[in-house]
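Here's the structure, in structure tokens; my notes come after.
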Protein chains: 2
Amino acid sequence: MPAGDTSSSAKRSYHHGDLRAALIDAAIELIAERGLHGLSLRECARRADVSHAAPYRHFADKNALLFALARRGFERLAAAGVAAMAGVDDPRDRLDAYGVAYVRFAVDNPVLFRVMFTAEIAAPEGEVAGDEAGAFDLLVDSAAALLDPGADPRDAAVAAWSLPHGLAMLVLDGRIPAAEASTPAQVERLMRTIFAAWRGPLA
Amino acid sequence: MPAGDTSSSAKRSYHHGDLRAALIDAAIELIAERGLHGLSLRECARRADVSHAAPYRHFADKNALLFALARRGFERLAAAGVAAMAGVDDPRDRLDAYGVAYVRFAVDNPVLFRVMFTAEIAAPEGEVAGDEAGAFDLLVDSAAALLDPGADPRDAAVAAWSLPHGLAMLVLDGRIPAAEASTPAQVERLMRTIFAAWRGPLA
DNA sequence: CAGTCGATGTTGTCACCGTCAACATTTTTC
DNA sequence: GAAAAATGTTGACGGTGACAACATCGACTG
């Protein structure tokens with residue numbers, strides 16, 4: 001082979017190199033462009049310069065690809081939550097920071113977020129979901145830190161998850177009037193206002 | 001025609017009678033059985049004992065059918081909210097009642113609720129969405145009643161919407177541990193506990 | 001270093017789907 | 001009672017998910 005040609009027009013000598021990752025990236029692009037129902041394995045294959053059946057060497061079926069997207073999303077969300085709470089000691093501030101990071105993640109990664117919480121995406125045969133449970137544990141721990149030692153922190157954790165989750169969903173769906181949440185700055189202000197108004201009762 | 005035969009096996013003399021409603025019912029059934037991506041116009045037609053292209057006399061396309069489902073959902077949700085708040089005078093109790101009714105509606109009508117908040121379902125050409133804005137106004141009014149006259153009630157309304165919305169979504173997605181929300185009674189208790197813990201700061 | 005074998009990519013195929021056009025039948029309207 | 005509008009049918013087309021059979025590449029093994 002004369003020279004390593006990385007231009008997009010060159011044929012990748014039969015094997016692709018990292019088709020799995022290319023398919024995931026193409027899927028995110030496609031969903032961003034055409035919506036979830038506009039995703040097709042064949043179009044992903046086309047964008048990866050590969051034949052229409054090649055994806056089946058990396059994903060058992062379309063659902064498996066979506067599951068991989070969801071998993072990537074949960075990993076990044078968990079990382080964002082941990083990062084947001086790092087260095088924050090006050091339990092209430094920790095929950096606030098988590099909530100703000102949660103909504104921000106959703107706004108910044110609308111495709112991943114929607115896929116993460118799209119039902120009908122089941123874990124393929126051998127896979128285990130685990131990641132979202134981890135995120136929930138993080139909430140339970142933070143909620144436990146600001147309740148009486150004897151109280152059950154799970155209800156507080158559910159509340160602490162429901163509010164940012166609902167806000168994120170409504171913003172993503174455009175249900176919140178545009179005047180309220182059209183720019184990122186407005187979204188940020190909205191989040192902080194709501195969380196501030198809501199943090200009181202958990203103590 | 002000898003006698004009015006309403007049995008399912010009899011052919012409805014070319015015209016169906018109320019195909020539009022039959023298609024909507026079939027769609028709800030189908031989604032309940034196979035999920036949103038398992039919905040197909042052809043299968044709906046089959047279940048209505050009608051040819052595969054007949055639905056196009058009542059819906060411009062698949063999206064229009066889904067939009068009709070969503071609209072039915074918004075109407076019923078609004079009715080449930082109004083009914084729940086009827087006779088409740090205290091503004092906080094009104095918001096509580098709305099929230100509980102909201103989550104209950106979602107749990108009782110998972111198919112409608114999910115379709116209502118599935119993005120990518122746009123209003124067909126001549127249609128207007130309006131219904132969800134009405135639901136939002138209801139929240140704003142209730143929130144306004146318990147704030148200082150000068151304060152902007154919209155943030156409170158968004159919060160009052162986000163919490164039940166997020167809770168409903170998480171329960172529907174099975175994200176809340178089964179031990180927390182497996183039976184309707186548990187869901188009801190969870191809702192009331194959360195709303196009770198959260199109602200304080202709005203005053 | 002040759003040969004084998006698993007991983008990866010390709011071609012071909014099938015059933016199903018959304019959508020349209022052309023045609024048939026029924027109901028309504030004048 | 002005929003014309004017109006509404007409703008249902010048949011047939012076709014391109015796109016899709018999924019599978020089977022085949023081709024090629026890369027890595028290990030003797």
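Here's how to read the names in the structure tokens: chain A, B, ... by the order shown, residue numbers from 1 in each chain, ligand numbers from 1 in the order shown.
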
With 8 Å as the limit and counting only C-alpha atoms (C1' of nucleotides), what residues in chain D lie close to chain B? Please list them as a list in words.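 Residues of chain D within 8 Å of chain B, counting only C-alpha atoms (C1' of nucleotides): DT7, DG8 and DT9 of chain D.
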
With only C-alpha atoms (C1' of nucleotides) considered, list every residue of chain C at most 10 Å from chain A, as an NGL selection string. :C and (7-11)

Give the residues of chain B that lie within 9 Å of chain A; count only C-alpha atoms, and format the answer as a ChimeraX atom specification. /B:34-37,117-120,132-133,136,154-156,158-170,172-177,180,190,193-195,197-202

Just write the chosen residues, C-alpha atoms, as a PDB file, in the first residue's frame.
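This went into part12.pdb:
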```
ATOM      1  CA  ARG B  34     -45.872  -4.092  20.585  1.00  0.00           C
ATOM      2  CA  GLY B  35     -44.715  -0.648  21.611  1.00  0.00           C
ATOM      3  CA  LEU B  36     -44.650   2.546  19.630  1.00  0.00           C
ATOM      4  CA  HIS B  37     -42.290   1.306  16.948  1.00  0.00           C
ATOM      5  CA  PHE B 117     -44.930  13.416  24.952  1.00  0.00           C
ATOM      6  CA  THR B 118     -43.208  11.687  22.102  1.00  0.00           C
ATOM      7  CA  ALA B 119     -41.448  14.305  20.089  1.00  0.00           C
ATOM      8  CA  GLU B 120     -41.477  14.046  16.312  1.00  0.00           C
ATOM      9  CA  GLU B 132     -51.088  21.452  26.058  1.00  0.00           C
ATOM     10  CA  ALA B 133     -50.907  25.209  26.335  1.00  0.00           C
ATOM     11  CA  PHE B 136     -50.069  24.904  31.238  1.00  0.00           C
ATOM     12  CA  ARG B 154     -44.472  30.923  35.571  1.00  0.00           C
ATOM     13  CA  ASP B 155     -41.407  29.524  37.308  1.00  0.00           C
ATOM     14  CA  ALA B 156     -43.598  28.021  39.982  1.00  0.00           C
ATOM     15  CA  VAL B 158     -42.940  25.037  35.511  1.00  0.00           C
ATOM     16  CA  ALA B 159     -41.826  23.455  38.760  1.00  0.00           C
ATOM     17  CA  ALA B 160     -45.351  22.300  39.477  1.00  0.00           C
ATOM     18  CA  TRP B 161     -45.414  20.667  36.086  1.00  0.00           C
ATOM     19  CA  SER B 162     -41.894  19.268  36.063  1.00  0.00           C
ATOM     20  CA  LEU B 163     -42.192  17.243  39.233  1.00  0.00           C
ATOM     21  CA  PRO B 164     -45.262  15.173  38.327  1.00  0.00           C
ATOM     22  CA  HIS B 165     -44.106  14.941  34.721  1.00  0.00           C
ATOM     23  CA  GLY B 166     -40.744  13.575  35.696  1.00  0.00           C
ATOM     24  CA  LEU B 167     -42.247  11.216  38.208  1.00  0.00           C
ATOM     25  CA  ALA B 168     -44.738   9.937  35.650  1.00  0.00           C
ATOM     26  CA  MET B 169     -42.044   9.401  33.053  1.00  0.00           C
ATOM     27  CA  LEU B 170     -39.747   7.579  35.431  1.00  0.00           C
ATOM     28  CA  LEU B 172     -43.658   4.553  33.127  1.00  0.00           C
ATOM     29  CA  ASP B 173     -40.111   3.763  32.080  1.00  0.00           C
ATOM     30  CA  GLY B 174     -39.675   1.460  35.031  1.00  0.00           C
ATOM     31  CA  ARG B 175     -36.725   3.528  36.191  1.00  0.00           C
ATOM     32  CA  ILE B 176     -37.965   3.770  39.727  1.00  0.00           C
ATOM     33  CA  PRO B 177     -37.035   0.560  41.516  1.00  0.00           C
ATOM     34  CA  GLU B 180     -40.958   1.520  45.129  1.00  0.00           C
ATOM     35  CA  LEU B 190     -45.181   7.728  46.527  1.00  0.00           C
ATOM     36  CA  THR B 193     -45.341  11.638  49.923  1.00  0.00           C
ATOM     37  CA  ILE B 194     -43.324  13.475  47.336  1.00  0.00           C
ATOM     38  CA  PHE B 195     -45.883  16.184  46.752  1.00  0.00           C
ATOM     39  CA  ALA B 197     -42.599  17.055  50.952  1.00  0.00           C
ATOM     40  CA  TRP B 198     -42.427  19.484  48.087  1.00  0.00           C
ATOM     41  CA  ARG B 199     -45.440  21.697  48.610  1.00  0.00           C
ATOM     42  CA  GLY B 200     -43.832  23.798  51.292  1.00  0.00           C
ATOM     43  CA  PRO B 201     -41.597  26.197  49.390  1.00  0.00           C
ATOM     44  CA  LEU B 202     -44.189  27.552  47.018  1.00  0.00           C
TER      45      LEU B 202
END
```

Quick check for you: according to DSSP on this backbone, which residues of segment 100-192 of chain B are classed as alpha helix (DSSP H)? Reply as a ChimeraX atom specification. /B:100-108,110-116,131-144,153-172,184-192

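Distances from C:DG6, C:DT13, C:DG18, C:DC23 to DT10 of chain D were compared using only C-alpha atoms (C1' of nucleotides), and the smallest one belongs to C:DC23.
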
Fewer than 2 positions away in the same chain doesn't count, so skip those; otherwise give me all residues within 10 Å of Ala68 of chain B, counting only C-alpha atoms (C1' of nucleotides), as a ChimeraX atom specification. /B:20,24,59,63-66,70-74,115-116,121,123-124

Just the number, please: distance in Å from atom CA of Arg42 of chain B to atom C1' of DA18 of chain D, one decimal.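 Computed distance, atom CA of Arg42 of chain B to atom C1' of DA18 of chain D, equals 19.7 Å.
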